[in-house]
Amino acid sequence: MRRQILNSPDDVVSEALEGLALAHPSLIVYRPDPGIVTRAVPARNKVGLVSGGGSGHEPLHAGFVGTGMLDVAVPGAVFASPTALQVHEGTVAADSGRGVVQIVKNYTGDVLNFQIAGELAGDDAVRTETVLVADDLATDTDEDGPGRRGTAAVLAIEKICGASAEAGADLGTVAELGRRVARNARTLSLALSAGTHPGATTPAFSLGQDEVELGVGIHGERGTGRIPFADADTLTARLVEPLVTELGLAKGSSVIAIVNGLGGTYPLELHVAARAVHRGLTGRGVTVARSLVGGYVTSLDMHGLSVTLLPADPDLLPWWDAPVRTPALTW
Amino acid sequence: MRRQILNSPDDVVSEALEGLALAHPSLIVYRPDPGIVTRAVPARNKVGLVSGGGSGHEPLHAGFVGTGMLDVAVPGAVFASPTALQVHEGTVAADSGRGVVQIVKNYTGDVLNFQIAGELAGDDAVRTETVLVADDLATDTDEDGPGRRGTAAVLAIEKICGASAEAGADLGTVAELGRRVARNARTLSLALSAGTHPGATTPAFSLGQDEVELGVGIHGERGTGRIPFADADTLTARLVEPLVTELGLAKGSSVIAIVNGLGGTYPLELHVAARAVHRGLTGRGVTVARSLVGGYVTSLDMHGLSVTLLPADPDLLPWWDAPVRTPALTW
Amino acid sequence: MTTTSADIQLVPDFGRLWVDTLFETFLDRTGALGELDRRAGDGDFGTNVSSALRRARQSIDVAPPSDYSGWLTAISRGFLGTGGTSGPLFGMFFRDIARCAATGEPTLGEFSSGLTAGLATVQRYGKAQVGHKTMVDALAPAAGTLESAVAAGAAPGTALEKTARAAVGGARGTIELIAKRGRASYVGDVARGVLDPGAAAAAMLLQAAALAQAGPGGRVDTSWIDG
Amino acid sequence: MTTTSADIQLVPDFGRLWVDTLFETFLDRTGALGELDRRAGDGDFGTNVSSALRRARQSIDVAPPSDYSGWLTAISRGFLGTGGTSGPLFGMFFRDIARCAATGEPTLGEFSSGLTAGLATVQRYGKAQVGHKTMVDALAPAAGTLESAVAAGAAPGTALEKTARAAVGGARGTIELIAKRGRASYVGDVARGVLDPGAAAAAMLLQAAALAQAGPGGRVDTSWIDG
Ligand SMILES: Nc1ncnc2c1ncn2[C@@H]1O[C@H](COP(=O)(O)OP(=O)(O)O)[C@@H](O)[C@H]1O
Ligand SMILES: Nc1ncnc2c1ncn2[C@@H]1O[C@H](COP(=O)(O)OP(=O)(O)O)[C@@H](O)[C@H]1O
Ligand SMILES: [Mg+2]
Ligand SMILES: [Mg+2]
Ligand SMILES: [Mg+2]
Ligand SMILES: [Mg+2]
């Protein structure tokens, strides 16, 4: 039985956001009603950036509010979309007159509520553009369906769009940049065990001792297949190889790589995996132009990791490198 | 049975350090022989700062090498002191002519090997001073013994001494500042479950469903008592109250607070706890001048947290606030 | 050449009357609606509707609306501030309904246009067709019936009565369907035999509209949802 | 007034001879030493000693030492680059031993001073007294015996032989003790009846010194550690 450090499961999101804001008073403010997180000092005269979605993926998104990244985060309940009104309030709060880019992970509820919020914002004369993040290679099927899920690539998009917006780019430019990154980035994940929903006592799914779940999402759903448990190098290769193939990476390619812990992966494990990813890529002649290793887009306390690769077009790197100052990402 | 994302347990530390260095090439360099992590660009003409100890506490210490914090980290095997020679090499590497402050957590092996390394460094005409970190309130007994263990306060000491050294303070001044912080900071920890040693399949100790281990250390050792499982506010109060009493905090006091995850605590939990710590303190009229919330001084994947309180003497705050740029702490 | 009844005003204060009837109608029925979602969905539909209406009531209590558009906007916002798929869809549906009147209370024709627009919005966002076992199965026949009734010159009371009956009929028809949209679509054949809760709620709100137009003394009969 | 033997040189090439004998002596005994640590400690002593000696051998192979100090420094560094409590303590012990000779090979008096200094260093760092069931229980009688022998004018061979015997006697004496220092101190009475591995190793290295001085042909008899 899993236990957690919580008060009431119903209050976990609002209490955690209050805690986050108390820890970063100079960076962010949490407004419990309507349930949004904004910069402590709102930006002026720039394209606004709003993102959000279900909670349980911390530090995403509230941890990425700040200079050089988001203006506003709109967190729903655990694994549940924020409401259209919440997103609407967040969108309006993100506007400083030059329009707002909504960065939306591809999940039915999120897409619906952000779309509606955009329409409502139009009533307030706030122009909006949407960047849909759909990077999860595991859900890349031809079938007529909801399409690829949005996972850790959202971090790269928030970072890159954030830098571009901070530098003064206009609404269309920021959105187009985000869409380009969204088109090019792919992610693949695996888990040794699922996360446990606040208030629940057992993980969302369970695995045999010899099984690893490949292609997991970040909402406790099972993956697309099971592979044998193996050492870090072997497991990591099961993520890197399909990504390399999908993105057509070859000798001379250059990528931005995100090795992301899913919540229950501790630092030694994650850095052993990061080394394997790095070696796996450089061994194929692919340069790792930039990399980021840490628990950024999580699924409660899921024990696993995701690898995101994004071809490092030369014009992207300055946006990636540009200063950022948020609770969870600062350089 | 717990499983981990590893290759050989023997290689976990060196592989993880290689991974860390690959992720932060502009900040740090890992030298596998003799087993030290240095800044990518060594500082010149400043007091050097070296720290180290057993691994398994990541991001401590290698994650804190960089401008405004450590010059060199010396990681041992998991939960085992680095060797005297390793520490010696690290100490010499940290020296840029103005001497080196060794920051040592109070464990027999660490104390011994750092002391010897200091003596060996003397042969090389490197002056050294030692700051012994012994903040763990749970091990504060009158008995003739090894004294309080060194835990998460080491982070505050590395930050504050790092800033002072970076600003050009001399050896004695940096060391005296560190010793003052070490005297004044106290930490208390609890765990819902122990971490699992790389290569092992069961946690270092196990607890009943209604038990929480109070006063745990960071090496898988049991705590000093068991308390009933309860909600986050109640559990957190069991850490805050003894600290407040020990430090004589009262209405009007002001503290720096570190709410530290022990490795297996995921962000929602940690921020719910941070809120409780904050409210527990402000409810007593104690101002939280600064706070830091995250997994900084861990014990593998131990599920638990520690709270560190340090009276926020006005002259400490500028050192705390001074810029820092390391893999795991940047502002 | 027939005369339409498009320009006839609905009863004075129709907005307030409808909203009051709505609260009344749903008051003790969200449990039953939730139960339907539990049998062929994820079980949250009842909570979603009740919290939407609670939110609407709160805002009405704080700032009582002054006209039709205000009353219906409160309902719209209540749903837009709620989760699930039904929250945003009903929210946007009521937004179109709220906007249908040029000024003050709507004419029957404006109301009919509002219903048609609301249906179109739900379909634009939800991508559901008739037969997919969703609220569309109640709203589509209702909107069509009202348009015809207006074109045929039916009086508002009769027109709205017919509309409600069409909606209830459409909702009941979902019992035999397997779902192609929403959570119920994940359970396949298991949903057959279960009334779609969203369709049921859509029909109930049109029953409430008919009663509001008919005037006091009546009661919406929702016993049909217990099937 | 007696004549001391302090100024007599040990055999030429004593450093190399001692180190070779050391490797020889410990080669197949680290398993047995580790077993002692397993019975009353944490079991890593054998690995610690063998990896210290392996490290020393490597550095010697890469850069062969040119004098006594160089040979013993290699041993010191081998231990200083090793874990456990014994690594740093033996490392610092051998550092003092390596430094005892003014130039070239040591005199008997210099060697005696080195042993006494090494003991003091071990005690300074380890805070162990005689009777605490540690390497000190072998080193202390050895250092005392050697000082007396030098003062009494004993020849180097005899003096080192006596020293080794005293060390072995001290080590064997630890069997009856319960530990007050080191990991064995955590197990209390369980350690009684078990020879302290650090004391055994200390005695073995002094046996090796005596044999190096005595010249080729001999063999260090370590059968006593099997108890
Ligand atoms: N794509 C859709 N278009 C129109 N209505 C839908 C759609 N998906 C679901 N619904 C309606 O929503 C109802 C369920 O609402 P609710 O329980 O709030 O949503 P969820 O399925 O997200 O839990 C269903 O009974 C159905 O009538
Ligand atoms: N404080 C001390 N002073 C001197 N010798 C000690 C001390 N503590 C332990 N030892 C010696 O070290 C030996 C154990 O060494 P080792 O196994 O390497 O250390 P650890 O106990 O750290 O695993 C013991 O047998 C004992 O002789
Ligand atoms: Mg539902
Ligand atoms: Mg739902
Ligand atoms: Mg041992
Ligand atoms: Mg040991």
# chains A, B, ... in the order shown; residues from 1 in each chain; ligands from 1
>>> calpha_fit_and_write(fixed="chain C", moving="chain D", output="CSV table (one decimal) with C-alpha atoms, in the first residue's frame")
chain,number,residue,atom,x,y,z
D,1,MET,CA,-47.6,31.5,-47.9
D,2,THR,CA,-47.9,30.6,-44.3
D,3,THR,CA,-47.4,33.0,-41.4
D,4,THR,CA,-44.6,32.0,-39.0
D,5,SER,CA,-44.8,32.5,-35.3
D,6,ALA,CA,-41.2,33.7,-35.3
D,7,ASP,CA,-41.9,37.2,-34.0
D,8,ILE,CA,-44.1,36.3,-31.1
D,9,GLN,CA,-42.5,37.1,-27.8
D,10,LEU,CA,-42.1,34.4,-25.2
D,11,VAL,CA,-43.7,35.1,-21.8
D,12,PRO,CA,-42.5,38.1,-19.9
D,13,ASP,CA,-39.5,37.2,-17.7
D,14,PHE,CA,-39.0,33.9,-19.6
D,15,GLY,CA,-35.3,33.9,-18.7
D,16,ARG,CA,-35.8,34.0,-14.9
D,17,LEU,CA,-38.7,31.5,-15.2
D,18,TRP,CA,-36.7,29.1,-17.2
D,19,VAL,CA,-33.7,29.2,-14.9
D,20,ASP,CA,-35.8,28.8,-11.8
D,21,THR,CA,-37.6,25.8,-13.4
D,22,LEU,CA,-34.2,24.4,-14.4
D,23,PHE,CA,-32.9,24.5,-10.8
D,24,GLU,CA,-36.1,22.9,-9.7
D,25,THR,CA,-36.0,20.2,-12.3
D,26,PHE,CA,-32.4,19.1,-11.7
D,27,LEU,CA,-32.4,19.6,-8.0
D,28,ASP,CA,-32.9,16.0,-6.9
D,29,ARG,CA,-32.1,14.3,-10.3
D,30,THR,CA,-28.3,14.7,-10.5
D,31,GLY,CA,-27.9,11.5,-8.5
D,32,ALA,CA,-29.9,9.6,-11.1
D,33,LEU,CA,-27.9,11.2,-13.9
D,34,GLY,CA,-24.7,10.4,-12.2
D,35,GLU,CA,-25.8,6.8,-11.9
D,36,LEU,CA,-26.3,6.6,-15.7
D,37,ASP,CA,-22.7,7.9,-16.2
D,38,ARG,CA,-21.5,5.3,-13.8
D,39,ARG,CA,-23.1,2.6,-15.8
D,40,ALA,CA,-21.7,3.8,-19.1
D,41,GLY,CA,-19.1,6.5,-18.5
D,42,ASP,CA,-16.9,7.6,-15.6
D,43,GLY,CA,-19.6,8.5,-13.2
D,44,ASP,CA,-18.9,12.2,-12.8
D,45,PHE,CA,-21.8,13.6,-14.8
D,46,GLY,CA,-24.1,14.2,-11.9
D,47,THR,CA,-21.5,16.1,-9.9
D,48,ASN,CA,-20.6,18.1,-13.0
D,49,VAL,CA,-24.2,19.2,-13.5
D,50,SER,CA,-24.9,19.9,-9.9
D,51,SER,CA,-21.7,21.9,-9.4
D,52,ALA,CA,-22.4,23.9,-12.6
D,53,LEU,CA,-25.9,24.8,-11.3
D,54,ARG,CA,-24.6,25.6,-7.9
D,55,ARG,CA,-22.0,27.9,-9.4
D,56,ALA,CA,-24.8,29.6,-11.5
D,57,ARG,CA,-27.0,30.0,-8.5
D,58,GLN,CA,-24.2,31.6,-6.5
D,59,SER,CA,-23.5,34.2,-9.2
D,60,ILE,CA,-27.2,34.9,-9.5
D,61,ASP,CA,-27.5,35.4,-5.7
D,62,VAL,CA,-24.5,37.7,-5.7
D,63,ALA,CA,-25.6,39.8,-8.8
D,64,PRO,CA,-29.2,39.1,-9.8
D,65,PRO,CA,-29.5,39.2,-13.6
D,66,SER,CA,-31.6,42.0,-15.1
D,67,ASP,CA,-32.7,40.3,-18.4
D,68,TYR,CA,-33.0,37.1,-20.3
D,69,SER,CA,-29.4,37.2,-21.5
D,70,GLY,CA,-28.1,37.7,-18.0
D,71,TRP,CA,-30.1,34.8,-16.6
D,72,LEU,CA,-28.9,32.4,-19.3
D,73,THR,CA,-25.3,33.7,-19.2
D,74,ALA,CA,-25.2,32.8,-15.6
D,75,ILE,CA,-26.1,29.2,-16.6
D,76,SER,CA,-23.6,29.2,-19.4
D,77,ARG,CA,-20.8,30.4,-17.0
D,78,GLY,CA,-21.8,27.9,-14.5
D,79,PHE,CA,-21.2,25.1,-17.0
D,80,LEU,CA,-18.1,26.7,-18.4
D,81,GLY,CA,-16.6,26.7,-14.9
D,82,THR,CA,-17.2,23.0,-14.6
D,83,GLY,CA,-15.2,19.9,-15.7
D,84,GLY,CA,-16.0,16.9,-17.8
D,85,THR,CA,-17.0,17.1,-21.4
D,86,SER,CA,-20.5,18.2,-20.6
D,87,GLY,CA,-19.4,21.3,-18.7
D,88,PRO,CA,-17.8,23.1,-21.7
D,89,LEU,CA,-20.4,21.7,-24.2
D,90,PHE,CA,-23.4,22.8,-22.2
D,91,GLY,CA,-21.6,26.0,-21.3
D,92,MET,CA,-21.2,26.9,-25.0
D,93,PHE,CA,-24.7,25.7,-25.8
D,94,PHE,CA,-26.2,28.1,-23.2
D,95,ARG,CA,-23.9,30.8,-24.4
D,96,ASP,CA,-25.6,30.7,-27.8
D,97,ILE,CA,-29.0,30.4,-26.1
D,98,ALA,CA,-28.2,33.5,-24.0
D,99,ARG,CA,-27.2,35.5,-27.1
D,100,CYS,CA,-30.2,34.7,-29.1
D,101,ALA,CA,-32.4,37.7,-28.0
D,102,ALA,CA,-31.7,41.0,-29.6
D,103,THR,CA,-32.9,42.8,-26.5
D,104,GLY,CA,-34.9,41.8,-23.5
D,105,GLU,CA,-36.8,38.4,-23.7
D,106,PRO,CA,-36.5,36.4,-26.9
D,107,THR,CA,-39.1,35.9,-29.6
D,108,LEU,CA,-39.9,32.3,-30.4
D,109,GLY,CA,-37.9,32.7,-33.6
D,110,GLU,CA,-34.9,34.0,-31.8
D,111,PHE,CA,-35.2,31.2,-29.3
D,112,SER,CA,-35.3,28.7,-32.2
D,113,SER,CA,-32.3,30.2,-33.8
D,114,GLY,CA,-30.5,30.1,-30.4
D,115,LEU,CA,-31.3,26.4,-30.1
D,116,THR,CA,-30.1,25.7,-33.6
D,117,ALA,CA,-26.9,27.7,-33.0
D,118,GLY,CA,-26.3,26.0,-29.7
D,119,LEU,CA,-26.6,22.6,-31.4
D,120,ALA,CA,-24.2,23.6,-34.1
D,121,THR,CA,-21.7,24.8,-31.5
D,122,VAL,CA,-22.0,21.5,-29.6
D,123,GLN,CA,-21.3,19.6,-32.8
D,124,ARG,CA,-18.5,21.9,-33.8
D,125,TYR,CA,-16.7,21.3,-30.6
D,126,GLY,CA,-17.7,17.8,-29.8
D,127,LYS,CA,-17.7,16.4,-33.3
D,128,ALA,CA,-20.7,14.2,-32.5
D,129,GLN,CA,-23.4,13.2,-35.0
D,130,VAL,CA,-26.9,12.0,-34.3
D,131,GLY,CA,-26.6,8.4,-33.3
D,132,HIS,CA,-23.3,8.7,-31.4
D,133,LYS,CA,-25.2,8.5,-28.1
D,134,THR,CA,-24.6,12.0,-26.8
D,135,MET,CA,-26.5,15.1,-25.9
D,136,VAL,CA,-26.7,15.7,-29.7
D,137,ASP,CA,-29.3,12.9,-29.9
D,138,ALA,CA,-31.6,15.0,-27.8
D,139,LEU,CA,-30.7,18.5,-29.1
D,140,ALA,CA,-30.9,17.7,-32.8
D,141,PRO,CA,-34.5,16.5,-33.0
D,142,ALA,CA,-35.4,19.3,-30.6
D,143,ALA,CA,-33.9,22.0,-32.8
D,144,GLY,CA,-35.4,20.6,-35.9
D,145,THR,CA,-38.9,20.3,-34.3
D,146,LEU,CA,-38.8,23.8,-33.1
D,147,GLU,CA,-37.8,25.2,-36.5
D,148,SER,CA,-40.7,23.4,-38.2
D,149,ALA,CA,-43.1,24.5,-35.5
D,150,VAL,CA,-42.1,28.1,-35.9
D,151,ALA,CA,-42.3,27.8,-39.7
D,152,ALA,CA,-45.8,26.3,-39.3
D,153,GLY,CA,-46.9,29.2,-37.1
D,154,ALA,CA,-47.3,27.2,-33.9
D,155,ALA,CA,-47.9,29.2,-30.7
D,156,PRO,CA,-44.9,29.4,-28.4
D,157,GLY,CA,-46.4,27.1,-25.8
D,158,THR,CA,-47.3,24.4,-28.3
D,159,ALA,CA,-44.0,24.8,-30.1
D,160,LEU,CA,-41.9,24.4,-26.9
D,161,GLU,CA,-44.0,21.5,-25.8
D,162,LYS,CA,-43.4,19.7,-29.1
D,163,THR,CA,-39.7,20.6,-28.8
D,164,ALA,CA,-39.4,19.0,-25.4
D,165,ARG,CA,-41.2,15.9,-26.5
D,166,ALA,CA,-38.8,15.5,-29.4
D,167,ALA,CA,-35.9,15.9,-27.1
D,168,VAL,CA,-37.2,13.3,-24.7
D,169,GLY,CA,-37.8,11.0,-27.6
D,170,GLY,CA,-34.3,11.5,-28.9
D,171,ALA,CA,-32.8,11.0,-25.5
D,172,ARG,CA,-34.7,7.7,-25.0
D,173,GLY,CA,-33.5,6.6,-28.3
D,174,THR,CA,-30.0,6.6,-27.0
D,175,ILE,CA,-30.8,3.6,-24.8
D,176,GLU,CA,-30.4,1.2,-27.8
D,177,LEU,CA,-27.2,2.9,-29.1
D,178,ILE,CA,-23.6,2.1,-28.5
D,179,ALA,CA,-21.6,5.3,-27.9
D,180,LYS,CA,-19.2,6.7,-30.5
D,181,ARG,CA,-18.2,9.8,-28.5
D,182,GLY,CA,-17.3,10.5,-24.9
D,183,ARG,CA,-16.2,8.1,-22.2
D,184,ALA,CA,-19.0,5.7,-23.0
D,185,SER,CA,-17.4,5.0,-26.3
D,186,TYR,CA,-14.6,3.2,-24.5
D,187,VAL,CA,-16.9,0.7,-22.9
D,188,GLY,CA,-18.5,-0.5,-26.3
D,189,ASP,CA,-21.4,-2.8,-25.9
D,190,VAL,CA,-21.7,-2.3,-22.2
D,191,ALA,CA,-23.3,1.1,-22.8
D,192,ARG,CA,-26.1,-0.5,-24.8
D,193,GLY,CA,-29.3,-0.5,-22.6
D,194,VAL,CA,-28.2,2.6,-20.7
D,195,LEU,CA,-29.8,6.0,-21.4
D,196,ASP,CA,-27.1,8.6,-22.2
D,197,PRO,CA,-27.0,11.0,-19.3
D,198,GLY,CA,-26.0,14.0,-21.4
D,199,ALA,CA,-29.0,13.5,-23.8
D,200,ALA,CA,-31.3,13.0,-20.8
D,201,ALA,CA,-30.1,16.3,-19.3
D,202,ALA,CA,-30.5,18.1,-22.6
D,203,ALA,CA,-34.1,16.8,-22.8
D,204,MET,CA,-34.8,17.9,-19.2
D,205,LEU,CA,-33.6,21.4,-19.8
D,206,LEU,CA,-36.0,21.7,-22.8
D,207,GLN,CA,-38.8,20.2,-20.7
D,208,ALA,CA,-38.0,23.0,-18.3
D,209,ALA,CA,-38.2,25.6,-21.0
D,210,ALA,CA,-41.6,24.4,-22.1
D,211,LEU,CA,-42.9,24.5,-18.5
D,212,ALA,CA,-41.5,28.0,-18.0
D,213,GLN,CA,-43.5,29.2,-21.1
D,214,ALA,CA,-46.6,27.3,-20.0
D,215,GLY,CA,-46.7,29.2,-16.7
D,216,PRO,CA,-46.8,28.2,-13.0
D,217,GLY,CA,-48.6,25.2,-11.7
D,218,GLY,CA,-46.9,22.5,-13.7
D,219,ARG,CA,-44.0,20.2,-12.9
D,220,VAL,CA,-41.5,18.7,-15.2
D,221,ASP,CA,-41.9,14.9,-15.3
D,222,THR,CA,-38.5,13.4,-15.3
D,223,SER,CA,-39.6,9.9,-14.3
D,224,TRP,CA,-38.7,8.7,-17.8
D,225,ILE,CA,-35.0,8.8,-17.0
D,226,ASP,CA,-35.3,6.1,-14.4
D,227,GLY,CA,-36.1,3.7,-17.3
>>> select_by_dssp(residues="segment 15-226 of chain D", states="helix (DSSP H, G or I)", output="PyMOL selection string")
chain D and resi 15-26+30-39+45-62+68-80+86-99+108-126+136-151+156-176+183-186+188-191+197-214+223-226
>>> residues_around(residues="Thr308 of chain A", least_positions_apart="6", cutoff="6 Å", atoms="only C-alpha atoms", output="list in words")
Arg186, Thr187, Ala257 and Ile258 of chain A
>>> interface_residues(of="chain A", to="chain B", cutoff="8 Å", atoms="only C-alpha atoms", output="VMD selection string")
chain A and resid 1 3 to 8 12 to 13 15 to 20 22 to 24 56 58 to 59 192 209 231 to 233 263 to 276 278 290 to 293 300 to 301 325 330 to 331
>>> closest_residue(among="B:Pro42, B:Pro9, B:Gly109, B:Gly68", to="chain D", atoms="only C-alpha atoms")
B:Gly109
>>> closest_atom_pairs(of="chain A", to="ligand 1", cutoff="10 Å", atoms="only C-alpha atoms and all ligand atoms", output="Markdown table")
| residue | atom | partner | partner_atom_place_in_ligand_line | distance |
| --- | --- | --- | --- | --- |
| A:Ala80 | CA | ligand 1 | 22 (O) | 9.1 |
| A:Ser81 | CA | ligand 1 | 22 (O) | 9.4 |
| A:Thr108 | CA | ligand 1 | 22 (O) | 8.7 |
| A:Gly109 | CA | ligand 1 | 22 (O) | 7.1 |
| A:Leu112 | CA | ligand 1 | 1 (N) | 9.6 |
>>> write_last_selection(atoms="all heavy atoms", output="compact mmCIF listing (two decimals), in the first residue's frame")
# COMPACT_ATOMS: atom_id res chain seq x y z
N ALA A 80 -7.04 16.19 -14.62
CA ALA A 80 -8.28 16.67 -15.21
C ALA A 80 -8.07 18.07 -15.78
O ALA A 80 -7.42 18.92 -15.16
CB ALA A 80 -9.39 16.70 -14.18
N SER A 81 -8.61 18.30 -16.94
CA SER A 81 -8.46 19.60 -17.59
C SER A 81 -8.95 20.72 -16.68
O SER A 81 -9.91 20.56 -15.93
CB SER A 81 -9.27 19.61 -18.87
OG SER A 81 -9.34 20.91 -19.39
N THR A 108 -8.21 15.49 -25.09
CA THR A 108 -9.54 15.96 -25.48
C THR A 108 -10.03 17.12 -24.62
O THR A 108 -10.43 18.16 -25.13
CB THR A 108 -10.54 14.78 -25.43
OG1 THR A 108 -9.96 13.69 -26.14
CG2 THR A 108 -11.86 15.17 -26.05
N GLY A 109 -9.98 16.92 -23.29
CA GLY A 109 -10.51 17.96 -22.39
C GLY A 109 -9.74 19.26 -22.50
O GLY A 109 -10.32 20.35 -22.57
N LEU A 112 -10.51 21.03 -25.83
CA LEU A 112 -11.85 21.60 -25.80
C LEU A 112 -11.88 22.88 -24.98
O LEU A 112 -12.36 23.94 -25.43
CB LEU A 112 -12.80 20.56 -25.21
CG LEU A 112 -14.28 20.88 -25.14
CD1 LEU A 112 -14.83 21.12 -26.54
CD2 LEU A 112 -15.03 19.72 -24.48
>>> atom_distance(atom1="atom CA of Arg179 of chain B", atom2="atom CA of Tyr30 of chain B")
28.3 Å
>>> decode(residues="segment 149-207 of chain B", atoms="C-alpha atoms", output="PDB file, in the first residue's frame")
ATOM      1  CA  ARG B 149      24.886  13.916  11.978  1.00  0.00           C
ATOM      2  CA  GLY B 150      25.376  16.322   9.118  1.00  0.00           C
ATOM      3  CA  THR B 151      22.362  16.583   6.817  1.00  0.00           C
ATOM      4  CA  ALA B 152      20.541  19.214   4.744  1.00  0.00           C
ATOM      5  CA  ALA B 153      22.046  22.274   6.430  1.00  0.00           C
ATOM      6  CA  VAL B 154      25.125  21.515   4.361  1.00  0.00           C
ATOM      7  CA  LEU B 155      23.267  23.090   1.452  1.00  0.00           C
ATOM      8  CA  ALA B 156      22.867  26.407   3.269  1.00  0.00           C
ATOM      9  CA  ILE B 157      26.503  26.342   4.277  1.00  0.00           C
ATOM     10  CA  GLU B 158      27.711  25.639   0.770  1.00  0.00           C
ATOM     11  CA  LYS B 159      25.506  28.425  -0.561  1.00  0.00           C
ATOM     12  CA  ILE B 160      26.498  31.016   1.999  1.00  0.00           C
ATOM     13  CA  CYS B 161      30.210  30.192   2.107  1.00  0.00           C
ATOM     14  CA  GLY B 162      30.179  29.980  -1.675  1.00  0.00           C
ATOM     15  CA  ALA B 163      28.836  33.497  -1.994  1.00  0.00           C
ATOM     16  CA  SER B 164      31.291  34.851   0.530  1.00  0.00           C
ATOM     17  CA  ALA B 165      34.239  33.168  -1.182  1.00  0.00           C
ATOM     18  CA  GLU B 166      33.076  34.363  -4.573  1.00  0.00           C
ATOM     19  CA  ALA B 167      32.996  37.915  -3.203  1.00  0.00           C
ATOM     20  CA  GLY B 168      36.644  37.647  -2.226  1.00  0.00           C
ATOM     21  CA  ALA B 169      36.525  36.970   1.516  1.00  0.00           C
ATOM     22  CA  ASP B 170      39.650  35.404   2.951  1.00  0.00           C
ATOM     23  CA  LEU B 171      40.069  31.863   4.242  1.00  0.00           C
ATOM     24  CA  GLY B 172      39.394  32.596   7.891  1.00  0.00           C
ATOM     25  CA  THR B 173      36.352  34.719   7.134  1.00  0.00           C
ATOM     26  CA  VAL B 174      34.710  32.157   4.877  1.00  0.00           C
ATOM     27  CA  ALA B 175      35.373  29.378   7.372  1.00  0.00           C
ATOM     28  CA  GLU B 176      34.095  31.389  10.328  1.00  0.00           C
ATOM     29  CA  LEU B 177      30.926  32.278   8.434  1.00  0.00           C
ATOM     30  CA  GLY B 178      30.373  28.611   7.648  1.00  0.00           C
ATOM     31  CA  ARG B 179      30.944  27.576  11.245  1.00  0.00           C
ATOM     32  CA  ARG B 180      28.449  30.156  12.431  1.00  0.00           C
ATOM     33  CA  VAL B 181      25.787  28.825  10.087  1.00  0.00           C
ATOM     34  CA  ALA B 182      26.674  25.287  11.151  1.00  0.00           C
ATOM     35  CA  ARG B 183      26.233  26.238  14.807  1.00  0.00           C
ATOM     36  CA  ASN B 184      22.829  27.824  14.204  1.00  0.00           C
ATOM     37  CA  ALA B 185      21.114  25.550  11.680  1.00  0.00           C
ATOM     38  CA  ARG B 186      19.121  22.483  12.700  1.00  0.00           C
ATOM     39  CA  THR B 187      17.340  19.833  10.677  1.00  0.00           C
ATOM     40  CA  LEU B 188      14.774  17.147  11.442  1.00  0.00           C
ATOM     41  CA  SER B 189      13.567  14.447   9.059  1.00  0.00           C
ATOM     42  CA  LEU B 190      10.905  11.804   8.721  1.00  0.00           C
ATOM     43  CA  ALA B 191      10.252   8.996   6.284  1.00  0.00           C
ATOM     44  CA  LEU B 192       7.275   6.966   5.098  1.00  0.00           C
ATOM     45  CA  SER B 193       9.633   4.457   3.572  1.00  0.00           C
ATOM     46  CA  ALA B 194      13.366   3.883   3.280  1.00  0.00           C
ATOM     47  CA  GLY B 195      15.463   4.052   0.160  1.00  0.00           C
ATOM     48  CA  THR B 196      16.765   1.010  -1.637  1.00  0.00           C
ATOM     49  CA  HIS B 197      20.493   0.617  -2.158  1.00  0.00           C
ATOM     50  CA  PRO B 198      21.488   0.232  -5.821  1.00  0.00           C
ATOM     51  CA  GLY B 199      21.573  -3.476  -6.464  1.00  0.00           C
ATOM     52  CA  ALA B 200      19.380  -4.305  -3.472  1.00  0.00           C
ATOM     53  CA  THR B 201      15.760  -5.312  -3.928  1.00  0.00           C
ATOM     54  CA  THR B 202      14.308  -4.259  -0.595  1.00  0.00           C
ATOM     55  CA  PRO B 203      14.405  -0.932   1.225  1.00  0.00           C
ATOM     56  CA  ALA B 204      16.917  -0.441   4.020  1.00  0.00           C
ATOM     57  CA  PHE B 205      14.157  -0.805   6.599  1.00  0.00           C
ATOM     58  CA  SER B 206      10.425  -1.307   6.523  1.00  0.00           C
ATOM     59  CA  LEU B 207       7.558   0.257   8.409  1.00  0.00           C
TER      60      LEU B 207
END
